[in-house]
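work.pdb, holding PDB, C-alpha atoms:
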```
ATOM      1  CA  MET A  26      77.485  58.488  28.312
ATOM      2  CA  LYS A  27      73.731  57.808  28.278
ATOM      3  CA  ARG A  28      73.101  55.046  25.735
ATOM      4  CA  VAL A  29      75.423  52.328  24.411
ATOM      5  CA  LEU A  30      74.858  49.873  21.574
ATOM      6  CA  VAL A  31      76.183  46.489  22.733
ATOM      7  CA  LEU A  32      76.861  44.178  19.786
ATOM      8  CA  GLY A  33      77.007  40.589  20.985
ATOM      9  CA  GLY A  34      75.215  41.594  24.166
ATOM     10  CA  THR A  35      73.338  38.311  24.609
ATOM     11  CA  GLY A  36      76.556  36.285  24.850
ATOM     12  CA  PHE A  37      78.660  35.226  27.825
ATOM     13  CA  VAL A  38      80.636  38.476  28.096
ATOM     14  CA  GLY A  39      77.804  40.652  26.823
ATOM     15  CA  ARG A  40      75.472  39.806  29.679
ATOM     16  CA  HIS A  41      78.083  40.927  32.190
ATOM     17  CA  VAL A  42      78.728  44.113  30.225
ATOM     18  CA  CYS A  43      75.021  44.936  30.323
ATOM     19  CA  GLU A  44      74.978  44.397  34.099
ATOM     20  CA  GLN A  45      77.948  46.755  34.492
ATOM     21  CA  LEU A  46      76.303  49.434  32.368
ATOM     22  CA  THR A  47      73.047  49.106  34.306
ATOM     23  CA  ARG A  48      74.898  49.598  37.591
ATOM     24  CA  ARG A  49      76.428  52.781  36.178
ATOM     25  CA  GLY A  50      73.088  54.158  35.020
ATOM     26  CA  VAL A  51      73.830  53.672  31.315
ATOM     27  CA  ARG A  52      71.090  52.417  28.996
ATOM     28  CA  ALA A  53      72.078  49.601  26.618
ATOM     29  CA  THR A  54      70.563  48.507  23.329
ATOM     30  CA  VAL A  55      71.146  44.834  22.526
ATOM     31  CA  PRO A  56      70.287  43.660  19.008
ATOM     32  CA  THR A  57      69.788  39.931  18.481
ATOM     33  CA  ARG A  58      68.548  37.609  15.764
ATOM     34  CA  HIS A  59      66.943  35.383  18.396
ATOM     35  CA  PRO A  60      65.078  37.282  21.150
ATOM     36  CA  GLU A  61      64.560  34.017  23.024
ATOM     37  CA  HIS A  62      68.334  33.960  23.632
ATOM     38  CA  ALA A  63      68.205  37.354  25.356
ATOM     39  CA  LYS A  64      66.596  36.198  28.599
ATOM     40  CA  GLY A  65      69.804  36.885  30.507
ATOM     41  CA  VAL A  66      69.587  40.616  29.762
ATOM     42  CA  GLN A  67      65.862  41.215  29.261
ATOM     43  CA  THR A  68      65.273  41.409  33.007
ATOM     44  CA  LEU A  69      67.808  44.215  33.454
ATOM     45  CA  PRO A  70      65.956  47.511  33.918
ATOM     46  CA  MET A  71      68.096  49.577  31.530
ATOM     47  CA  VAL A  72      68.479  47.151  28.623
ATOM     48  CA  ASP A  73      66.431  47.350  25.434
ATOM     49  CA  VAL A  74      66.467  44.190  23.299
ATOM     50  CA  VAL A  75      65.714  44.668  19.602
ATOM     51  CA  THR A  76      65.356  42.030  16.915
ATOM     52  CA  ASP A  77      67.905  42.588  14.162
ATOM     53  CA  ASN A  78      70.827  40.876  12.450
ATOM     54  CA  VAL A  79      73.770  43.266  12.638
ATOM     55  CA  LEU A  80      75.709  41.305  10.011
ATOM     56  CA  ARG A  81      73.157  42.242   7.350
ATOM     57  CA  ASP A  82      73.409  45.317   5.168
ATOM     58  CA  CYS A  83      71.871  48.503   6.601
ATOM     59  CA  ALA A  84      71.333  47.018  10.091
ATOM     60  CA  LEU A  85      74.031  49.195  11.647
ATOM     61  CA  GLU A  86      72.667  52.273   9.916
ATOM     62  CA  ARG A  87      69.274  51.575  11.541
ATOM     63  CA  LEU A  88      70.706  50.900  14.995
ATOM     64  CA  LEU A  89      73.411  53.533  15.496
ATOM     65  CA  PRO A  90      71.399  56.792  15.640
ATOM     66  CA  GLY A  91      70.676  57.889  19.205
ATOM     67  CA  HIS A  92      73.658  56.110  20.755
ATOM     68  CA  ASP A  93      76.732  57.649  22.337
ATOM     69  CA  ALA A  94      79.039  54.649  21.965
ATOM     70  CA  VAL A  95      79.330  51.065  20.748
ATOM     71  CA  VAL A  96      80.788  47.945  22.351
ATOM     72  CA  ASN A  97      81.696  45.238  19.831
ATOM     73  CA  LEU A  98      81.819  41.718  21.258
ATOM     74  CA  ILE A  99      80.878  39.833  18.082
ATOM     75  CA  ALA A 100      83.292  36.993  17.363
ATOM     76  CA  VAL A 101      83.510  33.365  16.298
ATOM     77  CA  LEU A 102      85.913  30.702  17.518
ATOM     78  CA  HIS A 103      85.360  28.166  14.741
ATOM     79  CA  GLY A 104      84.819  28.332  10.999
ATOM     80  CA  ASP A 105      86.495  28.472   7.640
ATOM     81  CA  GLN A 106      88.547  31.362   6.275
ATOM     82  CA  ARG A 107      85.472  33.051   4.837
ATOM     83  CA  ARG A 108      83.622  32.953   8.152
ATOM     84  CA  PHE A 109      86.531  34.428  10.118
ATOM     85  CA  GLU A 110      86.979  37.217   7.568
ATOM     86  CA  GLN A 111      83.262  37.990   7.511
ATOM     87  CA  VAL A 112      82.932  38.324  11.294
ATOM     88  CA  HIS A 113      86.369  39.555  12.400
ATOM     89  CA  VAL A 114      87.430  41.740   9.450
ATOM     90  CA  GLU A 115      84.556  42.734   7.181
ATOM     91  CA  PHE A 116      82.128  43.458  10.004
ATOM     92  CA  PRO A 117      84.558  45.730  11.925
ATOM     93  CA  ARG A 118      85.260  47.558   8.658
ATOM     94  CA  ARG A 119      81.543  48.135   8.105
ATOM     95  CA  LEU A 120      81.106  49.095  11.755
ATOM     96  CA  GLY A 121      83.832  51.729  11.606
ATOM     97  CA  GLU A 122      82.433  53.212   8.401
ATOM     98  CA  ALA A 123      78.857  53.230   9.718
ATOM     99  CA  MET A 124      79.877  54.834  13.001
ATOM    100  CA  LEU A 125      81.752  57.635  11.272
ATOM    101  CA  ALA A 126      78.804  58.247   8.939
ATOM    102  CA  ALA A 127      76.392  58.345  11.901
ATOM    103  CA  GLN A 128      78.804  60.494  13.924
ATOM    104  CA  VAL A 129      78.827  57.933  16.739
ATOM    105  CA  ARG A 130      82.567  57.986  17.320
ATOM    106  CA  ARG A 131      83.207  56.050  20.556
ATOM    107  CA  LEU A 132      83.992  52.340  20.151
ATOM    108  CA  VAL A 133      85.311  49.740  22.577
ATOM    109  CA  HIS A 134      86.313  46.710  20.525
ATOM    110  CA  VAL A 135      87.051  43.358  22.151
ATOM    111  CA  SER A 136      89.735  41.506  20.219
ATOM    112  CA  ALA A 137      91.919  38.665  21.522
ATOM    113  CA  LEU A 138      95.275  38.250  23.190
ATOM    114  CA  GLY A 139      97.787  37.308  20.520
ATOM    115  CA  ALA A 140      95.801  38.970  17.712
ATOM    116  CA  ASP A 141      98.246  39.398  14.842
ATOM    117  CA  PRO A 142      97.797  39.570  11.046
ATOM    118  CA  ALA A 143     100.839  37.267  10.867
ATOM    119  CA  GLY A 144      99.606  34.897  13.596
ATOM    120  CA  PRO A 145      99.646  31.089  13.305
ATOM    121  CA  SER A 146      95.864  30.574  13.096
ATOM    122  CA  ARG A 147      92.956  31.950  11.073
ATOM    123  CA  TYR A 148      91.397  33.120  14.335
ATOM    124  CA  LEU A 149      94.398  35.191  15.472
ATOM    125  CA  ARG A 150      95.134  36.516  11.980
ATOM    126  CA  SER A 151      91.559  37.662  11.408
ATOM    127  CA  LYS A 152      91.433  39.256  14.856
ATOM    128  CA  GLY A 153      94.626  41.156  14.049
ATOM    129  CA  GLU A 154      93.265  42.249  10.665
ATOM    130  CA  GLY A 155      90.059  43.410  12.347
ATOM    131  CA  GLU A 156      92.065  45.625  14.676
ATOM    132  CA  ALA A 157      93.940  47.029  11.684
ATOM    133  CA  VAL A 158      90.793  48.087   9.807
ATOM    134  CA  LEU A 159      89.449  49.780  12.945
ATOM    135  CA  ARG A 160      92.705  51.665  13.406
ATOM    136  CA  GLN A 161      92.253  52.966   9.872
ATOM    137  CA  ALA A 162      88.836  54.234  10.948
ATOM    138  CA  ALA A 163      90.457  55.718  14.062
ATOM    139  CA  ALA A 164      92.783  57.703  11.808
ATOM    140  CA  ALA A 165      89.621  59.174  10.256
ATOM    141  CA  GLY A 166      88.138  60.162  13.626
ATOM    142  CA  LEU A 167      86.865  57.016  15.365
ATOM    143  CA  ALA A 168      87.574  57.134  19.134
ATOM    144  CA  LEU A 169      88.789  53.542  19.482
ATOM    145  CA  THR A 170      89.857  51.451  22.470
ATOM    146  CA  VAL A 171      90.898  47.813  21.943
ATOM    147  CA  LEU A 172      90.796  45.137  24.632
ATOM    148  CA  ARG A 173      92.701  41.888  24.173
ATOM    149  CA  PRO A 174      91.540  39.278  26.699
ATOM    150  CA  SER A 175      93.155  35.936  27.361
ATOM    151  CA  VAL A 176      90.780  32.991  27.761
ATOM    152  CA  ILE A 177      87.758  34.212  29.755
ATOM    153  CA  PHE A 178      86.307  32.160  32.596
ATOM    154  CA  GLY A 179      83.148  32.530  34.654
ATOM    155  CA  ALA A 180      80.020  30.768  35.834
ATOM    156  CA  GLU A 181      78.584  30.182  32.330
ATOM    157  CA  ASP A 182      81.873  29.719  30.487
ATOM    158  CA  ARG A 183      82.504  27.125  27.797
ATOM    159  CA  PHE A 184      85.999  26.510  29.071
ATOM    160  CA  LEU A 185      86.371  25.214  32.615
ATOM    161  CA  ASN A 186      82.782  23.953  32.624
ATOM    162  CA  VAL A 187      83.466  21.865  29.520
ATOM    163  CA  PHE A 188      86.516  20.238  31.099
ATOM    164  CA  ALA A 189      84.593  19.597  34.293
ATOM    165  CA  ARG A 190      81.788  17.844  32.387
ATOM    166  CA  LEU A 191      84.257  15.751  30.411
ATOM    167  CA  GLN A 192      85.730  14.475  33.641
ATOM    168  CA  GLN A 193      82.282  13.425  34.796
ATOM    169  CA  ARG A 194      82.080  11.099  31.801
ATOM    170  CA  LEU A 195      85.623  10.003  30.970
ATOM    171  CA  PRO A 196      88.026   7.865  33.030
ATOM    172  CA  VAL A 197      90.979   9.839  31.635
ATOM    173  CA  VAL A 198      91.291  13.061  29.638
ATOM    174  CA  PRO A 199      93.444  12.851  26.476
ATOM    175  CA  LEU A 200      94.482  16.464  26.032
ATOM    176  CA  ALA A 201      95.975  18.284  23.071
ATOM    177  CA  CYS A 202      98.427  21.117  23.819
ATOM    178  CA  ALA A 203      98.545  20.288  27.513
ATOM    179  CA  ASP A 204     101.573  22.557  27.942
ATOM    180  CA  ALA A 205      99.978  25.569  26.226
ATOM    181  CA  ARG A 206     100.115  28.584  28.531
ATOM    182  CA  PHE A 207      97.208  30.896  29.359
ATOM    183  CA  GLN A 208      96.572  33.817  31.684
ATOM    184  CA  PRO A 209      92.832  33.366  32.316
ATOM    185  CA  VAL A 210      90.761  36.443  33.105
ATOM    186  CA  TRP A 211      87.439  36.575  34.957
ATOM    187  CA  VAL A 212      84.475  37.682  32.858
ATOM    188  CA  ALA A 213      83.413  40.231  35.487
ATOM    189  CA  ASP A 214      86.844  41.875  35.272
ATOM    190  CA  VAL A 215      86.575  42.122  31.481
ATOM    191  CA  ALA A 216      83.085  43.626  31.741
ATOM    192  CA  CYS A 217      84.327  46.142  34.294
ATOM    193  CA  ALA A 218      87.223  47.055  31.999
ATOM    194  CA  ILE A 219      84.827  47.731  29.118
ATOM    195  CA  ALA A 220      82.676  49.982  31.290
ATOM    196  CA  GLU A 221      85.764  51.806  32.588
ATOM    197  CA  CYS A 222      86.971  52.444  29.052
ATOM    198  CA  LEU A 223      83.616  53.934  28.126
ATOM    199  CA  ASP A 224      83.855  56.240  31.145
ATOM    200  CA  ARG A 225      87.419  57.392  30.535
ATOM    201  CA  ASP A 226      88.594  59.479  27.595
ATOM    202  CA  ASP A 227      92.226  58.711  28.450
ATOM    203  CA  THR A 228      91.676  55.146  27.206
ATOM    204  CA  ILE A 229      90.998  56.340  23.645
ATOM    205  CA  GLY A 230      93.756  55.137  21.332
ATOM    206  CA  GLN A 231      94.937  52.529  23.826
ATOM    207  CA  THR A 232      95.141  48.729  23.593
ATOM    208  CA  TYR A 233      94.771  46.846  26.886
ATOM    209  CA  GLU A 234      95.734  43.235  27.559
ATOM    210  CA  CYS A 235      93.068  41.743  29.810
ATOM    211  CA  VAL A 236      94.741  38.973  31.784
ATOM    212  CA  GLY A 237      94.513  37.413  35.212
ATOM    213  CA  PRO A 238      97.294  37.435  37.814
ATOM    214  CA  GLU A 239      98.506  33.878  37.111
ATOM    215  CA  VAL A 240      99.867  31.878  34.189
ATOM    216  CA  TRP A 241      98.489  28.341  33.884
ATOM    217  CA  THR A 242      99.146  25.479  31.513
ATOM    218  CA  LEU A 243      96.081  24.008  29.848
ATOM    219  CA  GLY A 244      96.760  20.703  31.591
ATOM    220  CA  ASP A 245      96.756  22.359  35.018
ATOM    221  CA  LEU A 246      93.503  24.169  34.243
ATOM    222  CA  VAL A 247      91.878  20.874  33.258
ATOM    223  CA  ARG A 248      93.077  19.283  36.492
ATOM    224  CA  LEU A 249      91.711  22.242  38.455
ATOM    225  CA  ALA A 250      88.306  21.888  36.782
ATOM    226  CA  GLY A 251      88.183  18.205  37.652
ATOM    227  CA  ARG A 252      89.222  18.730  41.255
ATOM    228  CA  LEU A 253      86.818  21.590  41.932
ATOM    229  CA  SER A 254      83.890  19.771  40.334
ATOM    230  CA  GLY A 255      84.562  16.662  42.372
ATOM    231  CA  HIS A 256      85.572  14.452  39.414
ATOM    232  CA  PRO A 257      89.369  14.580  39.081
ATOM    233  CA  ARG A 258      90.728  12.400  36.301
ATOM    234  CA  PRO A 259      94.236  11.725  34.991
ATOM    235  CA  VAL A 260      95.186  14.117  32.190
ATOM    236  CA  ILE A 261      97.274  12.619  29.382
ATOM    237  CA  GLY A 262      99.022  15.080  27.105
ATOM    238  CA  LEU A 263      98.891  14.085  23.429
ATOM    239  CA  PRO A 264     101.862  14.441  21.068
ATOM    240  CA  ARG A 265     101.394  17.064  18.348
ATOM    241  CA  ALA A 266     100.609  14.642  15.518
ATOM    242  CA  LEU A 267      97.999  12.776  17.559
ATOM    243  CA  ALA A 268      96.507  16.075  18.755
ATOM    244  CA  TYR A 269      95.880  17.090  15.148
ATOM    245  CA  VAL A 270      94.279  13.726  14.409
ATOM    246  CA  GLN A 271      91.982  14.229  17.408
ATOM    247  CA  ALA A 272      91.050  17.736  16.228
ATOM    248  CA  ARG A 273      90.381  16.526  12.671
ATOM    249  CA  LEU A 274      88.007  13.876  13.976
ATOM    250  CA  MET A 275      86.192  16.419  16.132
ATOM    251  CA  GLU A 276      85.784  18.716  13.141
ATOM    252  CA  MET A 277      83.999  15.907  11.305
ATOM    253  CA  LEU A 278      81.323  15.597  13.990
ATOM    254  CA  PRO A 279      78.041  17.519  13.547
ATOM    255  CA  GLY A 280      77.711  20.872  15.293
ATOM    256  CA  GLU A 281      80.399  23.174  16.632
ATOM    257  CA  PRO A 282      83.560  21.183  17.386
ATOM    258  CA  LEU A 283      84.956  20.975  20.876
ATOM    259  CA  LEU A 284      88.406  21.399  19.339
ATOM    260  CA  SER A 285      89.547  22.374  15.853
ATOM    261  CA  THR A 286      92.885  22.346  14.068
ATOM    262  CA  ASP A 287      92.725  26.143  14.033
ATOM    263  CA  ASN A 288      92.411  26.108  17.835
ATOM    264  CA  LEU A 289      95.576  24.023  17.994
ATOM    265  CA  ARG A 290      97.441  26.525  15.828
ATOM    266  CA  SER A 291      96.302  29.325  18.148
ATOM    267  CA  MET A 292      97.703  27.429  21.117
ATOM    268  CA  GLU A 293     101.127  27.194  19.481
ATOM    269  CA  VAL A 294     101.812  30.679  20.869
ATOM    270  CA  ASP A 295     101.530  31.471  24.588
ATOM    271  CA  ASN A 296      98.293  33.248  25.459
ATOM    272  CA  VAL A 297      99.899  35.492  28.089
ATOM    273  CA  ALA A 298     100.548  39.210  28.499
ATOM    274  CA  SER A 299     103.320  40.638  26.353
ATOM    275  CA  GLY A 300     104.490  43.035  29.041
ATOM    276  CA  SER A 301     104.591  45.876  26.509
ATOM    277  CA  LEU A 302     100.950  47.012  26.758
ATOM    278  CA  PRO A 303      98.788  48.304  29.635
ATOM    279  CA  THR A 304      96.657  45.786  31.509
ATOM    280  CA  LEU A 305      93.634  45.794  33.810
ATOM    281  CA  ARG A 306      95.697  47.357  36.574
ATOM    282  CA  GLU A 307      96.099  50.533  34.516
ATOM    283  CA  LEU A 308      92.291  50.708  34.528
ATOM    284  CA  GLY A 309      92.233  50.452  38.315
ATOM    285  CA  ILE A 310      91.108  46.809  38.269
ATOM    286  CA  THR A 311      92.840  44.174  40.387
ATOM    287  CA  PRO A 312      92.377  40.966  38.357
ATOM    288  CA  SER A 313      90.877  37.961  40.110
ATOM    289  CA  ALA A 314      92.689  34.631  40.380
ATOM    290  CA  VAL A 315      91.115  31.580  38.775
ATOM    291  CA  GLU A 316      90.741  29.157  41.661
ATOM    292  CA  PRO A 317      88.776  31.253  44.203
ATOM    293  CA  VAL A 318      86.254  32.269  41.550
ATOM    294  CA  ALA A 319      86.005  28.875  39.845
ATOM    295  CA  ALA A 320      85.524  27.158  43.214
ATOM    296  CA  ARG A 321      82.201  28.966  43.542
ATOM    297  CA  TYR A 322      80.719  27.661  40.305
ATOM    298  CA  LEU A 323      82.540  24.400  39.626
ATOM    299  CA  ASP A 324      81.866  22.879  43.039
ATOM    300  CA  TRP A 325      79.107  20.661  41.678
ATOM    301  CA  ASP A 326      79.255  18.233  44.587
ATOM    302  CA  GLY A 327      78.597  20.957  47.139
ATOM    303  CA  PRO A 328      80.198  24.024  48.671
ATOM    304  CA  ALA A 329      83.932  24.087  49.109
ATOM    305  CA  ASP A 330      83.557  25.040  52.772
ATOM    306  CA  PRO A 331      83.727  21.703  54.691
ATOM    307  CA  LEU A 332      81.389  23.021  57.425
ATOM    308  CA  ILE A 333      78.708  23.794  54.843
ATOM    309  CA  ARG A 334      79.253  20.367  53.282
ATOM    310  CA  LEU A 335      78.780  18.797  56.721
ATOM    311  CA  ARG A 336      75.559  20.720  57.353
ATOM    312  CA  ARG A 337      74.177  19.799  53.935
ATOM    313  CA  THR A 338      75.030  16.134  54.450
ATOM    314  CA  ALA A 339      73.371  16.173  57.882
ATOM    315  CA  HIS A 340      70.254  17.761  56.377
ATOM    316  CA  ARG A 341      70.065  15.058  53.714
ATOM    317  CA  ARG A 342      70.278  12.335  56.356
ATOM    318  CA  ARG A 343      67.248  13.773  58.126
TER     319      ARG A 343
END
```

Could I get this file's structure written as structure tokens?
Amino acid sequence: MKRVLVLGGTGFVGRHVCEQLTRRGVRATVPTRHPEHAKGVQTLPMVDVVTDNVLRDCALERLLPGHDAVVNLIAVLHGDQRRFEQVHVEFPRRLGEAMLAAQVRRLVHVSALGADPAGPSRYLRSKGEGEAVLRQAAAAGLALTVLRPSVIFGAEDRFLNVFARLQQRLPVVPLACADARFQPVWVADVACAIAECLDRDDTIGQTYECVGPEVWTLGDLVRLAGRLSGHPRPVIGLPRALAYVQARLMEMLPGEPLLSTDNLRSMEVDNVASGSLPTLRELGITPSAVEPVAARYLDWDGPADPLIRLRRTAHRRR
């Protein structure tokens, strides 16, 4: 494996994937519509950033030649039915067809835990349909591996960091789906899993559930974010009807919503390992627990180590 096309390489997970590939001596090509958003990977010595929009016709045909494999990280969390189908179903279909035509057969596709064409939300249904179209391409010769991560956390995440910032500003946190269950996975573990799959032919045809070692409720994760960031607030779980009212109001605000009604439907099913599919451990990866990792980047008031806190306080007093 000498050169990999990383689709979605400028995003949260993509940057870590590029770091993993660089460590392994693999060159990565990262297409992006906005080169200014690629600063996180442009400094890596084995990453080539190119300006292109992979969702447009013929872009994949231009990009694929010369590559040994593709990593697909392109996804959306919010949008209407058309948007989910365009990104999660139509694009994977085009990708599979273009790869077979270009004879670039190795694909690691990042889906989502709970992906199911019969799932409760547009997000989960479209993710499941995207897997299905790629498996059709696999039947025609595509060497496919699918990864299904739970919610991904890490230093630049839009998950624990969001809840930490909310607790800086709000006296209490009214929370929809407080009892929803997750098995959060560290972004570095997901990136390592992707690189391992590219290295190992025995992962072809497999689907891996990428989960951490612990199951958390959403409410407990919010409390953890508040405590580690130094701004713990009471968390008040909302009843289902009120949660949907809250989500509707957020959808009416400009920009990407913090919470949508489709998100709520996704959280109606537990986001935890099924127990019927291989996990990170089958890839030789021991998944990291949430708290020790999150303590390193959510400790906004200072290091968690009390001795370091004491030294920093003493320095300030000088």

Exercise. Point out the residue among A:Arg225, A:Lys152, A:Arg87, A:Arg306 with the least atom-to-atom distance to A:Pro56, counting only C-alpha atoms.
Key: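 Closest residue, counting only C-alpha atoms: A:Arg87.
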
Self-check item: Residues near A:Val240, cut-off 12 Å, only C-alpha atoms, skip fewer than 5 positions along chain, as a list in words
Solution: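 Close residues of A:Val240: Ser175, Val176, Asp204, Ala205, Arg206, Phe207, Gln208, Pro209, Val210, Asp245, Leu246, Asp295, Asn296, Val297, Ala298, Ala314 and Val315 of chain A.
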
Just say which residues the PyMOL selection byres ((chain A and resi 265-280) around 8) picks in this file, as a PDB file with C-alpha atoms, in the coordinates of the input.
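Final file, expr.pdb:
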```pdb
ATOM      1  CA  LEU A 200      94.482  16.464  26.032  1.00  0.00           C
ATOM      2  CA  ALA A 201      95.975  18.284  23.071  1.00  0.00           C
ATOM      3  CA  CYS A 202      98.427  21.117  23.819  1.00  0.00           C
ATOM      4  CA  LEU A 263      98.891  14.085  23.429  1.00  0.00           C
ATOM      5  CA  PRO A 264     101.862  14.441  21.068  1.00  0.00           C
ATOM      6  CA  GLU A 281      80.399  23.174  16.632  1.00  0.00           C
ATOM      7  CA  PRO A 282      83.560  21.183  17.386  1.00  0.00           C
ATOM      8  CA  LEU A 283      84.956  20.975  20.876  1.00  0.00           C
ATOM      9  CA  LEU A 284      88.406  21.399  19.339  1.00  0.00           C
ATOM     10  CA  SER A 285      89.547  22.374  15.853  1.00  0.00           C
ATOM     11  CA  THR A 286      92.885  22.346  14.068  1.00  0.00           C
ATOM     12  CA  LEU A 289      95.576  24.023  17.994  1.00  0.00           C
TER      13      LEU A 289
END
```

Practice problem: Quick one: apply the PyMOL selection byres ((chain A and resi 145) around 8) to the file and drop the selected residues here as a VMD selection string. | Solution: chain A and resid 143 to 144 146 to 147 149 to 150 290 to 291 293 to 294

Exercise. Could you give me, as a list of chain:residue names, the residues within 9 Å of A:Ala127, counting all atoms listed in the file and dropping anything in the same chain fewer than 5 positions from it?
Key: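 Returned residues: A:Glu86, A:Leu89, A:Pro90, A:Glu122.
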
Matched chain/residue IDs from the PyMOL selection byres ((chain A and resi 137) around 10), as a tab-separated table (two decimals) with C-alpha atoms, in the frame of the given file:
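result.tsv, freshly written:
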```
chain	number	residue	atom	x	y	z
A	100	ALA	CA	83.29	36.99	17.36
A	134	HIS	CA	86.31	46.71	20.52
A	135	VAL	CA	87.05	43.36	22.15
A	136	SER	CA	89.74	41.51	20.22
A	138	LEU	CA	95.28	38.25	23.19
A	139	GLY	CA	97.79	37.31	20.52
A	140	ALA	CA	95.80	38.97	17.71
A	141	ASP	CA	98.25	39.40	14.84
A	148	TYR	CA	91.40	33.12	14.34
A	149	LEU	CA	94.40	35.19	15.47
A	152	LYS	CA	91.43	39.26	14.86
A	153	GLY	CA	94.63	41.16	14.05
A	156	GLU	CA	92.06	45.62	14.68
A	171	VAL	CA	90.90	47.81	21.94
A	172	LEU	CA	90.80	45.14	24.63
A	173	ARG	CA	92.70	41.89	24.17
A	174	PRO	CA	91.54	39.28	26.70
A	175	SER	CA	93.16	35.94	27.36
A	176	VAL	CA	90.78	32.99	27.76
A	234	GLU	CA	95.73	43.24	27.56
A	235	CYS	CA	93.07	41.74	29.81
A	296	ASN	CA	98.29	33.25	25.46
```

Practice problem: Considering only C-alpha atoms, state which residue in the set A:Val212, A:Met292, A:Pro199, A:Thr311 is at the smallest distance from A:Ile261. | Solution: A:Pro199

Residues near A:Thr35, cut-off 8 Å, only C-alpha atoms, skip fewer than 5 positions along chain, as a PDB file with C-alpha atoms, in the frame of the given file:
```pdb
ATOM      1  CA  ARG A  40      75.472  39.806  29.679  1.00  0.00           C
ATOM      2  CA  VAL A  55      71.146  44.834  22.526  1.00  0.00           C
ATOM      3  CA  THR A  57      69.788  39.931  18.481  1.00  0.00           C
ATOM      4  CA  HIS A  62      68.334  33.960  23.632  1.00  0.00           C
ATOM      5  CA  ALA A  63      68.205  37.354  25.356  1.00  0.00           C
ATOM      6  CA  GLY A  65      69.804  36.885  30.507  1.00  0.00           C
ATOM      7  CA  VAL A  66      69.587  40.616  29.762  1.00  0.00           C
TER       8      VAL A  66
END
```
